[in-house]
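So this one's entry.csv, CSV, C-alpha atoms:
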chain,number,residue,atom,x,y,z
M,1,MET,CA,19.9,14.8,5.2
M,2,GLU,CA,17.6,14.4,8.2
M,3,ALA,CA,16.0,11.2,9.5
M,4,PRO,CA,12.2,11.1,9.4
M,5,THR,CA,10.6,12.4,12.5
M,6,LYS,CA,7.7,9.9,12.6
M,7,THR,CA,8.6,6.8,14.5
M,8,GLN,CA,7.2,3.4,13.7
M,9,PRO,CA,5.1,1.7,16.3
M,10,ASN,CA,6.5,-1.4,18.0
M,11,VAL,CA,5.1,-4.4,16.2
M,12,THR,CA,5.1,-7.9,17.6
M,13,VAL,CA,4.2,-10.5,15.0
M,14,ARG,CA,2.6,-13.6,16.6
M,15,VAL,CA,2.8,-17.0,15.0
M,16,PHE,CA,1.0,-20.2,15.9
M,17,LYS,CA,1.7,-23.4,14.1
M,18,ARG,CA,0.5,-26.9,14.9
M,19,GLN,CA,-0.3,-30.2,13.1
M,20,PHE,CA,-3.6,-32.0,13.5
M,21,ALA,CA,-4.9,-35.4,12.5
M,22,SER,CA,-6.5,-35.5,9.1
M,23,ASN,CA,-9.9,-36.4,10.2
M,24,PRO,CA,-13.1,-34.5,11.2
M,25,ARG,CA,-12.1,-34.4,14.9
M,26,GLY,CA,-8.7,-32.8,14.0
M,27,ALA,CA,-10.5,-30.2,11.9
M,28,ARG,CA,-12.8,-29.3,14.8
M,29,LEU,CA,-9.9,-29.2,17.2
M,30,ALA,CA,-7.9,-26.9,14.9
M,31,ARG,CA,-10.8,-24.5,14.7
M,32,ARG,CA,-11.3,-24.4,18.5
M,33,ILE,CA,-7.6,-24.0,19.3
M,34,GLY,CA,-7.2,-21.4,16.6
M,35,LEU,CA,-10.0,-19.3,18.0
M,36,HIS,CA,-8.6,-19.6,21.5
M,37,ARG,CA,-5.2,-18.4,20.2
M,38,LEU,CA,-6.8,-15.5,18.4
M,39,HIS,CA,-8.6,-14.5,21.6
M,40,ALA,CA,-5.3,-14.7,23.5
M,41,TRP,CA,-3.8,-12.3,20.9
M,42,GLY,CA,-6.5,-9.7,21.5
M,43,ILE,CA,-9.0,-10.7,18.8
M,44,PRO,CA,-12.0,-11.3,21.0
M,45,TYR,CA,-14.5,-14.2,20.6
M,46,LEU,CA,-17.6,-13.2,18.6
M,47,SER,CA,-16.0,-10.1,17.1
M,48,ASP,CA,-16.3,-9.8,13.3
M,49,ALA,CA,-12.7,-10.8,12.8
M,50,SER,CA,-13.1,-13.8,15.1
M,51,GLU,CA,-16.3,-15.0,13.4
M,52,SER,CA,-14.8,-14.6,9.9
M,53,ALA,CA,-11.6,-16.4,11.0
M,54,ALA,CA,-13.7,-19.2,12.5
M,55,LEU,CA,-15.5,-19.8,9.3
M,56,ILE,CA,-12.3,-19.7,7.2
M,57,ILE,CA,-10.4,-22.0,9.6
M,58,GLY,CA,-13.4,-24.4,9.7
M,59,GLU,CA,-13.7,-24.6,5.9
M,60,LEU,CA,-10.0,-24.9,5.2
M,61,THR,CA,-9.4,-27.5,7.9
M,62,ALA,CA,-12.5,-29.5,6.9
M,63,ASN,CA,-11.2,-29.5,3.3
M,64,ALA,CA,-7.7,-30.6,4.4
M,65,ALA,CA,-9.2,-33.5,6.5
M,66,THR,CA,-11.6,-34.5,3.7
M,67,HIS,CA,-10.0,-33.8,0.3
M,68,GLY,CA,-6.3,-33.4,1.3
M,69,ARG,CA,-6.1,-36.5,3.5
M,70,VAL,CA,-3.2,-38.9,3.0
M,71,PRO,CA,-3.3,-41.9,5.4
M,72,GLY,CA,-0.7,-41.4,8.1
M,73,ARG,CA,-0.1,-37.7,7.4
M,74,ASP,CA,-1.4,-34.7,9.3
M,75,PHE,CA,-2.5,-31.3,8.1
M,76,GLU,CA,-1.0,-28.1,9.5
M,77,LEU,CA,-2.7,-24.9,10.7
M,78,CYS,CA,-0.5,-21.8,10.8
M,79,LEU,CA,-1.9,-18.4,12.1
M,80,THR,CA,0.1,-15.2,11.8
M,81,HIS,CA,-1.1,-12.0,13.4
M,82,THR,CA,0.5,-8.7,12.6
M,83,PRO,CA,-1.2,-6.1,14.7
M,84,GLY,CA,-1.9,-2.6,13.5
M,85,ASP,CA,-3.2,0.6,15.0
M,86,ARG,CA,-5.6,3.4,14.1
M,87,GLU,CA,-3.5,4.3,11.1
M,88,ILE,CA,-2.2,0.9,9.9
M,89,LEU,CA,-4.4,-2.1,9.3
M,90,GLY,CA,-3.5,-5.3,11.1
M,91,VAL,CA,-3.4,-8.6,9.2
M,92,LEU,CA,-4.4,-12.1,10.2
M,93,ARG,CA,-3.0,-14.8,7.9
M,94,ILE,CA,-4.6,-18.2,8.0
M,95,GLU,CA,-2.7,-21.1,6.3
M,96,VAL,CA,-3.8,-24.7,6.1
M,97,SER,CA,-1.3,-27.1,4.5
M,98,ASP,CA,-1.7,-30.8,3.6
M,99,THR,CA,0.4,-33.3,1.7
M,100,ARG,CA,-1.9,-34.1,-1.2
M,101,THR,CA,-0.8,-32.5,-4.4
M,102,GLU,CA,-3.3,-33.8,-7.0
M,103,CYS,CA,-6.5,-32.6,-5.2
M,104,ARG,CA,-6.2,-28.8,-5.4
M,105,PRO,CA,-9.1,-26.5,-4.7
M,106,PRO,CA,-9.9,-23.8,-7.3
M,107,GLY,CA,-8.1,-20.6,-6.9
M,108,PRO,CA,-9.6,-17.1,-6.6
M,109,GLY,CA,-11.8,-16.3,-9.6
M,110,GLU,CA,-12.1,-20.0,-10.5
M,111,ILE,CA,-14.8,-21.1,-8.1
M,112,ALA,CA,-17.9,-22.6,-9.7
M,113,VAL,CA,-21.2,-22.0,-7.9
M,114,PRO,CA,-22.8,-25.4,-7.1
M,115,GLU,CA,-26.2,-26.3,-8.4
M,116,ASP,CA,-29.3,-26.0,-6.2
M,117,GLY,CA,-29.6,-29.1,-4.1
M,118,ASP,CA,-25.9,-30.0,-4.2
M,119,ASP,CA,-24.7,-31.1,-0.8
M,120,SER,CA,-21.2,-29.7,-1.2
M,121,GLY,CA,-19.1,-27.2,-3.0
M,122,ARG,CA,-19.8,-24.1,-1.0
M,123,GLY,CA,-16.7,-24.0,1.3
M,124,MET,CA,-14.4,-22.1,-0.9
M,125,LEU,CA,-17.2,-19.7,-1.8
M,126,ILE,CA,-17.3,-18.8,1.9
M,127,VAL,CA,-13.5,-18.3,2.0
M,128,ASP,CA,-13.7,-16.2,-1.1
M,129,ALA,CA,-16.4,-14.0,0.4
M,130,LEU,CA,-14.8,-13.5,3.7
M,131,ALA,CA,-11.1,-13.2,3.0
M,132,ASP,CA,-9.5,-10.0,1.8
M,133,ARG,CA,-7.0,-12.0,-0.1
M,134,TRP,CA,-6.4,-15.8,-0.6
M,135,ALA,CA,-4.4,-18.2,-2.8
M,136,VAL,CA,-3.5,-21.8,-3.3
M,137,ILE,CA,0.3,-22.3,-3.1
M,138,ASP,CA,2.5,-25.3,-3.8
M,139,ARG,CA,4.8,-26.3,-1.0
M,140,GLU,CA,7.8,-28.5,-0.5
M,141,PRO,CA,7.7,-31.4,0.6
M,142,PRO,CA,4.9,-32.3,-1.7
M,143,GLY,CA,1.6,-30.7,-0.9
M,144,LYS,CA,-0.2,-27.5,-1.0
M,145,THR,CA,-1.1,-24.6,1.3
M,146,VAL,CA,-4.3,-22.5,1.1
M,147,ARG,CA,-3.6,-19.1,2.5
M,148,ALA,CA,-6.3,-16.5,3.4
M,149,GLU,CA,-5.7,-13.1,4.9
M,150,LEU,CA,-8.1,-10.8,6.8
M,151,ASP,CA,-7.4,-7.1,7.2
M,152,LEU,CA,-8.1,-6.2,10.8
M,153,LEU,CA,-9.7,-2.8,11.6
M,154,TYR,CA,-9.0,-1.2,14.9
Represent the structure of the file as structure tokens.
Amino acid sequence: MEAPTKTQPNVTVRVFKRQFASNPRGARLARRIGLHRLHAWGIPYLSDASESAALIIGELTANAATHGRVPGRDFELCLTHTPGDREILGVLRIEVSDTRTECRPPGPGEIAVPEDGDDSGRGMLIVDALADRWAVIDREPPGKTVRAELDLLY
């Protein structure tokens, strides 16, 4: 039996994880720092992937700071970048975790379209439209994580 002749490319999975204050300023800071990290990883500012990631990070962190807020507790942003090449898609995973369990967003396929004139309720529609995959996951200690993944084309 012979070993396959095709070699796999070297892959470096990059991970960024940081906690932010559960307030609007923390959400804005998470978005800015997240985009800076993506740029450092080779996903340039204003690219399609960067713009999609900016909207997803912005929506998820704003939700964590608004609906997932527990006084004295922070939310966490975790970015994971698995690069690809011309044959293999890269993946960017965006995860935002908070400590509130009773206030869960709707999952994929459960999002209700808000009525005309409503001031809120469109954030998860944006995530649903931009992410290739996403889910709401329970976590320990108490809380939840909203995970969104973007397939990166090279």
(message) Need the shell around region 136-144 of chain M: protein/DNA/RNA residues with any atom at most 12 Å away, counting all atoms listed in the file. Skip same-chain ones fewer than 4 positions apart. Format as a VMD selection string?
(response) chain M and resid 60 63 to 64 67 to 70 73 to 76 94 to 110 124 127 to 128 148
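Considering the residues M:Arg37, M:Ala65, M:Gly42, M:Leu152 and counting all atoms listed in the file, Pro24 (chain M) has its shortest atom-to-atom contact with M:Ala65.
One distance worth recording is that between CA of Ser47 (chain M) and CA of Leu150 (chain M), which is 13.0 Å.
Take the candidates M:Leu29, M:Leu38, M:Leu55, M:Pro71 and check each one against Pro83 (chain M) using all atoms listed in the file; the shortest distance goes to M:Leu38.
With distances taken over all atoms listed in the file, M:Ala54 is the one residue among M:Ala49, M:Ala54, M:Ile43, M:Val15 lying closest to Arg28 (chain M).
The space between CA of His81 (chain M) and CA of Arg14 (chain M) spans 5.1 Å.
Shortest atom-to-atom contact with Gly123 (chain M) among M:Gly26, M:Gly34, M:Gly58, M:Pro44: M:Gly58, counting all atoms listed in the file.
With distances restricted to all atoms listed in the file, M:Leu77 is the closest residue to Val146 (chain M) from M:Val113, M:Leu77, M:Ala27, M:Asp132.
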(message) To one decimal place in Å, what is the distance between CA of Ile88 (chain M) and CA of Leu153 (chain M)?
(response) 8.5 Å
Generate the coordinates of N, CA and C atoms for region 17-43 of chain M; report them as a PDB file, keeping the file's coordinate frame.
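The file below, result31.pdb, is the result:
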ATOM      1  N   LYS M  17       1.651 -22.353  15.078  1.00  0.00           N
ATOM      2  CA  LYS M  17       1.700 -23.400  14.100  1.00  0.00           C
ATOM      3  C   LYS M  17       1.591 -24.753  14.780  1.00  0.00           C
ATOM      4  N   ARG M  18       0.679 -25.582  14.250  1.00  0.00           N
ATOM      5  CA  ARG M  18       0.500 -26.900  14.900  1.00  0.00           C
ATOM      6  C   ARG M  18      -0.089 -27.866  13.837  1.00  0.00           C
ATOM      7  N   GLN M  19       0.269 -29.142  13.979  1.00  0.00           N
ATOM      8  CA  GLN M  19      -0.300 -30.200  13.100  1.00  0.00           C
ATOM      9  C   GLN M  19      -1.442 -30.875  13.816  1.00  0.00           C
ATOM     10  N   PHE M  20      -2.404 -31.295  13.000  1.00  0.00           N
ATOM     11  CA  PHE M  20      -3.600 -32.000  13.500  1.00  0.00           C
ATOM     12  C   PHE M  20      -3.863 -33.212  12.657  1.00  0.00           C
ATOM     13  N   ALA M  21      -4.542 -34.179  13.259  1.00  0.00           N
ATOM     14  CA  ALA M  21      -4.900 -35.400  12.500  1.00  0.00           C
ATOM     15  C   ALA M  21      -5.837 -35.073  11.393  1.00  0.00           C
ATOM     16  N   SER M  22      -5.625 -35.723  10.267  1.00  0.00           N
ATOM     17  CA  SER M  22      -6.500 -35.500   9.100  1.00  0.00           C
ATOM     18  C   SER M  22      -7.762 -36.253   9.172  1.00  0.00           C
ATOM     19  N   ASN M  23      -8.618 -35.794  10.062  1.00  0.00           N
ATOM     20  CA  ASN M  23      -9.900 -36.400  10.200  1.00  0.00           C
ATOM     21  C   ASN M  23     -10.874 -35.274  10.754  1.00  0.00           C
ATOM     22  N   PRO M  24     -12.185 -35.519  10.794  1.00  0.00           N
ATOM     23  CA  PRO M  24     -13.100 -34.500  11.200  1.00  0.00           C
ATOM     24  C   PRO M  24     -12.816 -33.969  12.659  1.00  0.00           C
ATOM     25  N   ARG M  25     -12.384 -34.857  13.526  1.00  0.00           N
ATOM     26  CA  ARG M  25     -12.100 -34.400  14.900  1.00  0.00           C
ATOM     27  C   ARG M  25     -10.870 -33.462  14.888  1.00  0.00           C
ATOM     28  N   GLY M  26      -9.859 -33.739  14.069  1.00  0.00           N
ATOM     29  CA  GLY M  26      -8.700 -32.800  14.000  1.00  0.00           C
ATOM     30  C   GLY M  26      -9.111 -31.488  13.411  1.00  0.00           C
ATOM     31  N   ALA M  27     -10.037 -31.466  12.454  1.00  0.00           N
ATOM     32  CA  ALA M  27     -10.500 -30.200  11.900  1.00  0.00           C
ATOM     33  C   ALA M  27     -11.245 -29.375  12.949  1.00  0.00           C
ATOM     34  N   ARG M  28     -12.109 -30.020  13.726  1.00  0.00           N
ATOM     35  CA  ARG M  28     -12.800 -29.300  14.800  1.00  0.00           C
ATOM     36  C   ARG M  28     -11.870 -28.786  15.846  1.00  0.00           C
ATOM     37  N   LEU M  29     -10.885 -29.605  16.226  1.00  0.00           N
ATOM     38  CA  LEU M  29      -9.900 -29.200  17.200  1.00  0.00           C
ATOM     39  C   LEU M  29      -9.076 -28.014  16.726  1.00  0.00           C
ATOM     40  N   ALA M  30      -8.685 -28.030  15.470  1.00  0.00           N
ATOM     41  CA  ALA M  30      -7.900 -26.900  14.900  1.00  0.00           C
ATOM     42  C   ALA M  30      -8.703 -25.625  14.970  1.00  0.00           C
ATOM     43  N   ARG M  31      -9.974 -25.691  14.659  1.00  0.00           N
ATOM     44  CA  ARG M  31     -10.800 -24.500  14.700  1.00  0.00           C
ATOM     45  C   ARG M  31     -10.911 -23.960  16.136  1.00  0.00           C
ATOM     46  N   ARG M  32     -11.158 -24.830  17.088  1.00  0.00           N
ATOM     47  CA  ARG M  32     -11.300 -24.400  18.500  1.00  0.00           C
ATOM     48  C   ARG M  32     -10.013 -23.836  19.045  1.00  0.00           C
ATOM     49  N   ILE M  33      -8.907 -24.530  18.804  1.00  0.00           N
ATOM     50  CA  ILE M  33      -7.600 -24.000  19.300  1.00  0.00           C
ATOM     51  C   ILE M  33      -7.219 -22.755  18.597  1.00  0.00           C
ATOM     52  N   GLY M  34      -7.490 -22.663  17.312  1.00  0.00           N
ATOM     53  CA  GLY M  34      -7.200 -21.400  16.600  1.00  0.00           C
ATOM     54  C   GLY M  34      -7.927 -20.242  17.132  1.00  0.00           C
ATOM     55  N   LEU M  35      -9.211 -20.396  17.415  1.00  0.00           N
ATOM     56  CA  LEU M  35     -10.000 -19.300  18.000  1.00  0.00           C
ATOM     57  C   LEU M  35      -9.523 -18.916  19.367  1.00  0.00           C
ATOM     58  N   HIS M  36      -9.139 -19.910  20.147  1.00  0.00           N
ATOM     59  CA  HIS M  36      -8.600 -19.600  21.500  1.00  0.00           C
ATOM     60  C   HIS M  36      -7.306 -18.817  21.366  1.00  0.00           C
ATOM     61  N   ARG M  37      -6.452 -19.172  20.411  1.00  0.00           N
ATOM     62  CA  ARG M  37      -5.200 -18.400  20.200  1.00  0.00           C
ATOM     63  C   ARG M  37      -5.478 -17.005  19.777  1.00  0.00           C
ATOM     64  N   LEU M  38      -6.437 -16.807  18.876  1.00  0.00           N
ATOM     65  CA  LEU M  38      -6.800 -15.500  18.400  1.00  0.00           C
ATOM     66  C   LEU M  38      -7.273 -14.606  19.605  1.00  0.00           C
ATOM     67  N   HIS M  39      -8.093 -15.207  20.466  1.00  0.00           N
ATOM     68  CA  HIS M  39      -8.600 -14.500  21.600  1.00  0.00           C
ATOM     69  C   HIS M  39      -7.421 -14.084  22.539  1.00  0.00           C
ATOM     70  N   ALA M  40      -6.465 -14.980  22.723  1.00  0.00           N
ATOM     71  CA  ALA M  40      -5.300 -14.700  23.500  1.00  0.00           C
ATOM     72  C   ALA M  40      -4.458 -13.544  22.922  1.00  0.00           C
ATOM     73  N   TRP M  41      -4.508 -13.406  21.610  1.00  0.00           N
ATOM     74  CA  TRP M  41      -3.800 -12.300  20.900  1.00  0.00           C
ATOM     75  C   TRP M  41      -4.557 -11.023  20.872  1.00  0.00           C
ATOM     76  N   GLY M  42      -5.749 -10.978  21.447  1.00  0.00           N
ATOM     77  CA  GLY M  42      -6.500  -9.700  21.500  1.00  0.00           C
ATOM     78  C   GLY M  42      -7.594  -9.615  20.434  1.00  0.00           C
ATOM     79  N   ILE M  43      -7.901 -10.699  19.734  1.00  0.00           N
ATOM     80  CA  ILE M  43      -9.000 -10.700  18.800  1.00  0.00           C
ATOM     81  C   ILE M  43     -10.147 -11.449  19.503  1.00  0.00           C
TER      82      ILE M  43
END
